[in-house]
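> Provided herewith: structure-v1.csv, CSV, N, CA and C atoms.
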chain,number,residue,atom,x,y,z
A,225,ALA,N,81.8,119.1,90.3
A,225,ALA,CA,82.7,118.0,90.5
A,225,ALA,C,83.2,117.5,89.1
A,226,SER,N,82.4,117.4,88.1
A,226,SER,CA,82.8,116.9,86.8
A,226,SER,C,83.9,117.8,86.2
A,227,ASP,N,83.8,119.1,86.4
A,227,ASP,CA,84.8,120.0,85.9
A,227,ASP,C,86.1,119.8,86.6
A,228,ILE,N,86.1,119.6,87.9
A,228,ILE,CA,87.3,119.4,88.6
A,228,ILE,C,88.0,118.1,88.2
A,229,LEU,N,87.2,117.0,88.0
A,229,LEU,CA,87.7,115.7,87.6
A,229,LEU,C,88.3,115.9,86.2
A,230,ASN,N,87.6,116.6,85.3
A,230,ASN,CA,88.1,116.8,83.9
A,230,ASN,C,89.4,117.5,83.9
A,231,ASP,N,89.6,118.5,84.8
A,231,ASP,CA,90.8,119.3,84.9
A,231,ASP,C,91.9,118.5,85.5
A,232,GLU,N,91.6,117.8,86.6
A,232,GLU,CA,92.7,117.1,87.4
A,232,GLU,C,93.0,115.7,86.8
A,233,VAL,N,92.1,115.0,86.3
A,233,VAL,CA,92.3,113.6,85.9
A,233,VAL,C,92.2,113.4,84.4
A,234,GLY,N,91.3,114.1,83.8
A,234,GLY,CA,91.1,114.0,82.3
A,234,GLY,C,89.7,113.8,82.1
A,235,LYS,N,89.3,114.1,80.8
A,235,LYS,CA,87.9,114.0,80.4
A,235,LYS,C,87.5,112.5,80.3
A,236,LEU,N,86.1,112.3,80.4
A,236,LEU,CA,85.6,111.0,80.2
A,236,LEU,C,86.0,110.4,78.9
A,237,GLY,N,86.4,109.1,78.9
A,237,GLY,CA,86.9,108.4,77.7
A,237,GLY,C,88.4,108.4,77.5
A,238,THR,N,89.1,109.3,78.3
A,238,THR,CA,90.5,109.3,78.1
A,238,THR,C,91.1,108.1,79.0
A,239,PRO,N,92.3,107.6,78.6
A,239,PRO,CA,92.9,106.5,79.4
A,239,PRO,C,93.1,106.9,80.8
A,240,GLU,N,93.5,108.2,81.1
A,240,GLU,CA,93.7,108.6,82.5
A,240,GLU,C,92.5,108.6,83.3
A,241,ARG,N,91.4,109.0,82.7
A,241,ARG,CA,90.1,109.1,83.4
A,241,ARG,C,89.6,107.7,83.7
A,242,GLU,N,89.8,106.8,82.7
A,242,GLU,CA,89.3,105.4,82.9
A,242,GLU,C,90.1,104.7,84.0
A,243,GLU,N,91.4,105.0,84.0
A,243,GLU,CA,92.2,104.4,85.1
A,243,GLU,C,91.8,104.9,86.5
A,244,PHE,N,91.5,106.2,86.5
A,244,PHE,CA,91.1,106.8,87.8
A,244,PHE,C,89.8,106.2,88.2
A,245,ASP,N,88.8,106.1,87.3
A,245,ASP,CA,87.5,105.5,87.6
A,245,ASP,C,87.6,104.1,88.1
A,246,ALA,N,88.5,103.3,87.5
A,246,ALA,CA,88.7,101.9,87.9
A,246,ALA,C,89.2,101.8,89.3
A,247,LYS,N,90.2,102.7,89.6
A,247,LYS,CA,90.8,102.7,91.0
A,247,LYS,C,89.7,103.2,92.0
A,248,ALA,N,88.9,104.1,91.6
A,248,ALA,CA,87.9,104.6,92.5
A,248,ALA,C,86.8,103.5,92.8
A,249,LYS,N,86.5,102.8,91.8
A,249,LYS,CA,85.5,101.7,92.0
A,249,LYS,C,86.1,100.6,92.8
A,250,ALA,N,87.4,100.3,92.6
A,250,ALA,CA,88.1,99.2,93.4
A,250,ALA,C,88.1,99.7,94.9
A,251,TRP,N,88.4,100.9,95.2
A,251,TRP,CA,88.3,101.4,96.5
A,251,TRP,C,86.9,101.3,97.1
A,252,TYR,N,85.9,101.7,96.3
A,252,TYR,CA,84.5,101.7,96.8
A,252,TYR,C,84.1,100.3,97.1
A,253,PHE,N,84.3,99.3,96.3
A,253,PHE,CA,84.0,97.9,96.6
A,253,PHE,C,84.7,97.4,97.8
A,254,GLY,N,86.0,97.8,97.9
A,254,GLY,CA,86.8,97.4,99.1
A,254,GLY,C,86.2,97.9,100.4
A,255,GLU,N,85.7,99.2,100.3
A,255,GLU,CA,85.1,99.7,101.5
A,255,GLU,C,83.8,99.0,101.9
A,256,ILE,N,83.0,98.7,100.9
A,256,ILE,CA,81.8,98.0,101.2
A,256,ILE,C,82.1,96.6,101.8
A,257,LEU,N,83.0,95.9,101.2
A,257,LEU,CA,83.3,94.6,101.8
A,257,LEU,C,83.9,94.7,103.2
A,258,LYS,N,84.8,95.6,103.4
A,258,LYS,CA,85.4,95.8,104.7
A,258,LYS,C,84.4,96.2,105.7
A,259,GLY,N,83.5,97.1,105.4
A,259,GLY,CA,82.4,97.5,106.3
A,259,GLY,C,81.5,96.3,106.7
A,260,ARG,N,81.2,95.5,105.8
A,260,ARG,CA,80.3,94.3,106.0
A,260,ARG,C,81.1,93.3,106.9
A,261,ARG,N,82.4,93.1,106.6
A,261,ARG,CA,83.2,92.1,107.4
A,261,ARG,C,83.2,92.6,108.8
A,262,LYS,N,83.5,93.9,109.0
A,262,LYS,CA,83.5,94.4,110.4
A,262,LYS,C,82.2,94.4,111.1
A,263,GLU,N,81.1,94.6,110.3
A,263,GLU,CA,79.8,94.6,110.9
A,263,GLU,C,79.5,93.2,111.4
A,264,LEU,N,80.0,92.1,110.7
A,264,LEU,CA,79.8,90.8,111.1
A,264,LEU,C,80.8,90.3,112.2
A,265,GLY,N,81.7,91.2,112.5
A,265,GLY,CA,82.7,90.8,113.5
A,265,GLY,C,83.7,89.8,113.1
A,266,LEU,N,84.0,89.8,111.8
A,266,LEU,CA,85.0,88.9,111.2
A,266,LEU,C,86.3,89.6,111.1
A,267,THR,N,87.4,88.8,111.3
A,267,THR,CA,88.7,89.3,111.0
A,267,THR,C,89.0,89.0,109.5
A,268,GLN,N,90.0,89.6,109.0
A,268,GLN,CA,90.4,89.2,107.6
A,268,GLN,C,90.8,87.8,107.5
A,269,LYS,N,91.5,87.3,108.6
A,269,LYS,CA,91.9,85.9,108.6
A,269,LYS,C,90.7,84.9,108.6
A,270,GLU,N,89.7,85.3,109.3
A,270,GLU,CA,88.4,84.5,109.4
A,270,GLU,C,87.7,84.5,108.0
A,271,LEU,N,87.7,85.6,107.4
A,271,LEU,CA,87.1,85.7,106.0
A,271,LEU,C,87.9,84.9,105.0
A,272,THR,N,89.2,84.9,105.1
A,272,THR,CA,90.0,84.1,104.2
A,272,THR,C,89.7,82.6,104.3
A,273,THR,N,89.4,82.2,105.5
A,273,THR,CA,89.1,80.8,105.7
A,273,THR,C,87.7,80.5,105.0
A,274,LEU,N,86.8,81.4,105.0
A,274,LEU,CA,85.5,81.2,104.4
A,274,LEU,C,85.6,81.2,102.9
A,275,VAL,N,86.5,82.0,102.3
A,275,VAL,CA,86.6,82.1,100.8
A,275,VAL,C,87.8,81.4,100.2
A,276,GLY,N,88.7,80.9,101.0
A,276,GLY,CA,89.8,80.2,100.4
A,276,GLY,C,90.8,81.0,99.7
A,277,ARG,N,91.1,82.2,100.2
A,277,ARG,CA,92.1,83.1,99.7
A,277,ARG,C,93.1,83.5,100.8
A,278,GLU,N,94.2,84.1,100.4
A,278,GLU,CA,95.2,84.6,101.3
A,278,GLU,C,94.7,85.9,102.0
A,279,ARG,N,95.2,86.1,103.2
A,279,ARG,CA,94.8,87.3,104.0
A,279,ARG,C,95.3,88.6,103.2
A,280,THR,N,96.5,88.5,102.6
A,280,THR,CA,97.1,89.6,101.9
A,280,THR,C,96.2,90.0,100.7
A,281,TYR,N,95.5,89.0,100.1
A,281,TYR,CA,94.6,89.3,99.0
A,281,TYR,C,93.4,90.1,99.5
A,282,ILE,N,92.8,89.7,100.6
A,282,ILE,CA,91.7,90.4,101.2
A,282,ILE,C,92.1,91.8,101.6
A,283,ASN,N,93.3,91.9,102.2
A,283,ASN,CA,93.8,93.2,102.6
A,283,ASN,C,93.9,94.1,101.4
A,284,ARG,N,94.4,93.6,100.3
A,284,ARG,CA,94.6,94.5,99.1
A,284,ARG,C,93.2,94.9,98.5
A,285,ILE,N,92.3,94.0,98.6
A,285,ILE,CA,90.9,94.3,98.1
A,285,ILE,C,90.3,95.4,99.0
A,286,GLU,N,90.5,95.3,100.3
A,286,GLU,CA,89.9,96.3,101.2
A,286,GLU,C,90.5,97.6,101.0
A,287,LYS,N,91.8,97.7,100.6
A,287,LYS,CA,92.5,98.9,100.4
A,287,LYS,C,92.3,99.5,98.9
A,288,GLY,N,91.6,98.7,98.1
A,288,GLY,CA,91.4,99.1,96.7
A,288,GLY,C,92.6,99.0,95.9
A,289,GLU,N,93.5,98.1,96.3
A,289,GLU,CA,94.8,98.0,95.6
A,289,GLU,C,94.9,96.9,94.6
A,290,THR,N,93.9,96.2,94.4
A,290,THR,CA,93.9,95.1,93.4
A,290,THR,C,92.7,95.1,92.5
A,291,ASP,N,92.8,94.5,91.4
A,291,ASP,CA,91.7,94.4,90.4
A,291,ASP,C,90.9,93.2,90.9
A,292,LEU,N,89.7,93.3,91.4
A,292,LEU,CA,88.9,92.3,91.9
A,292,LEU,C,88.2,91.5,90.8
A,293,GLN,N,88.5,90.2,90.7
A,293,GLN,CA,87.9,89.3,89.7
A,293,GLN,C,86.4,89.1,90.2
A,294,LEU,N,85.6,88.9,89.2
A,294,LEU,CA,84.2,88.7,89.5
A,294,LEU,C,84.0,87.5,90.3
A,295,SER,N,84.7,86.4,90.0
A,295,SER,CA,84.5,85.1,90.8
A,295,SER,C,84.9,85.3,92.2
A,296,SER,N,85.9,86.1,92.5
A,296,SER,CA,86.3,86.4,93.9
A,296,SER,C,85.3,87.3,94.5
A,297,LEU,N,84.8,88.3,93.8
A,297,LEU,CA,83.7,89.1,94.4
A,297,LEU,C,82.5,88.3,94.8
A,298,ILE,N,82.1,87.4,93.9
A,298,ILE,CA,81.0,86.6,94.2
A,298,ILE,C,81.2,85.7,95.5
A,299,ARG,N,82.4,85.1,95.6
A,299,ARG,CA,82.7,84.3,96.8
A,299,ARG,C,82.7,85.1,98.0
A,300,ILE,N,83.4,86.2,98.0
A,300,ILE,CA,83.5,87.1,99.2
A,300,ILE,C,82.1,87.6,99.6
A,301,ALA,N,81.4,88.1,98.6
A,301,ALA,CA,80.0,88.6,98.9
A,301,ALA,C,79.1,87.5,99.5
A,302,ALA,N,79.2,86.3,99.0
A,302,ALA,CA,78.4,85.2,99.6
A,302,ALA,C,78.8,85.0,101.0
A,303,ALA,N,80.1,85.0,101.3
A,303,ALA,CA,80.6,84.7,102.6
A,303,ALA,C,80.2,85.8,103.6
A,304,LEU,N,79.9,87.0,103.1
A,304,LEU,CA,79.5,88.1,103.9
A,304,LEU,C,78.0,88.3,103.9
A,305,GLY,N,77.3,87.4,103.3
A,305,GLY,CA,75.8,87.5,103.2
A,305,GLY,C,75.4,88.7,102.4
A,306,LEU,N,76.1,89.1,101.4
A,306,LEU,CA,75.7,90.1,100.5
A,306,LEU,C,75.2,89.6,99.1
A,307,MET,N,74.3,90.2,98.5
A,307,MET,CA,73.7,89.8,97.3
A,307,MET,C,74.2,90.8,96.2
A,308,LEU,N,74.7,90.2,95.1
A,308,LEU,CA,75.1,91.0,93.9
A,308,LEU,C,73.9,91.1,93.0
A,309,LYS,N,73.8,92.3,92.4
A,309,LYS,CA,72.6,92.5,91.5
A,309,LYS,C,73.2,93.2,90.3
A,310,LEU,N,72.9,92.6,89.1
A,310,LEU,CA,73.3,93.3,87.9
A,310,LEU,C,72.1,93.9,87.2
A,311,GLU,N,72.2,95.1,86.8
A,311,GLU,CA,71.1,95.7,86.1
A,311,GLU,C,71.6,96.3,84.8
A,312,ALA,N,70.7,96.2,83.8
A,312,ALA,CA,71.0,96.8,82.5
A,312,ALA,C,70.8,98.3,82.6
A,313,VAL,N,71.7,99.1,82.0
A,313,VAL,CA,71.5,100.5,81.9
A,313,VAL,C,71.5,100.9,80.4
A,314,ALA,N,70.8,102.0,80.2
A,314,ALA,CA,70.8,102.6,78.8
A,314,ALA,C,72.2,103.0,78.4
A,315,LEU,N,72.5,102.6,77.2
A,315,LEU,CA,73.9,103.0,76.7
A,315,LEU,C,73.7,104.2,75.8
Would you mind writing the file's structure down as structure tokens?

Amino acid sequence: ASDILNDEVGKLGTPEREEFDAKAKAWYFGEILKGRRKELGLTQKELTTLVGRERTYINRIEKGETDLQLSSLIRIAAALGLMLKLEAVAL
């Protein structure tokens, strides 16, 4: 998979690869939040009431179309009963 990504998107550390990775992570987090929202039986509108944001913002997050701010992620995760955990990794 790494070889394909290197050929199609660019090697690690290149601006193209960093942009691709950022979009992939945005999509991934959006899928987690959308799955949990649906698991709880909440509509996007109901979630917006809980977090104080517009439905279009939640929609863009769930589609991976926006850069999710940490403060928003924390609010949304809390409303969905999710816990965020930060771990140090070796550099």
> Of the residues A:Pro239, A:Gly259, A:Gly254, A:Gly234, which is the one nearest to Arg284 of chain A, using only C-alpha atoms?
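Comparing A:Pro239, A:Gly259, A:Gly254, A:Gly234 against Arg284 of chain A, the winner is A:Gly254.
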> Of the residues A:Glu243, A:Gly276, A:Arg260, A:Ser226, which is the one nearest to Arg299 of chain A, using all atoms listed in the file?
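Ranking A:Glu243, A:Gly276, A:Arg260, A:Ser226 by distance to Arg299 of chain A, first place goes to A:Gly276.
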> Please measure the separation of atom N of Leu266 of chain A and atom N of Glu278 of chain A, giving the value in Å to one decimal.
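Calculated distance between atom N of Leu266 of chain A and atom N of Glu278 of chain A is 16.3 Å.
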> Using only C-alpha atoms, which of A:Lys287, A:Thr238, A:Ile256, A:Ile300 sits nearest Glu270 of chain A?
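Among A:Lys287, A:Thr238, A:Ile256, A:Ile300, it is A:Ile300 that comes nearest to Glu270 of chain A.
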> Can you work out which one of A:Ala314, A:Gly288, A:Gln268, A:Tyr281 has the shortest atom-to-atom distance to Ala248 of chain A, counting all atoms listed in the file?
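Among A:Ala314, A:Gly288, A:Gln268, A:Tyr281, it is A:Gly288 that comes nearest to Ala248 of chain A.
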> Please, which residues of chain A, numbered as in this document, come out helix (DSSP H, G or I) from DSSP, as number ranges by chain?
A: 226-232, 239-263, 268-275, 279-286, 294-303
> For a test of reading the model, state the distance in Å between atom CA of Lys309 of chain A and atom CA of Glu289 of chain A, rounded to one decimal.
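Calculated distance between atom CA of Lys309 of chain A and atom CA of Glu289 of chain A is 23.2 Å.
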> Just want the 10 Å neighbourhood of Arg241 of chain A, counted on only C-alpha atoms, with same-chain residues fewer than 6 positions away dropped. Output as an NGL selection string.
:A and (229-230 or 232-235 or 247)
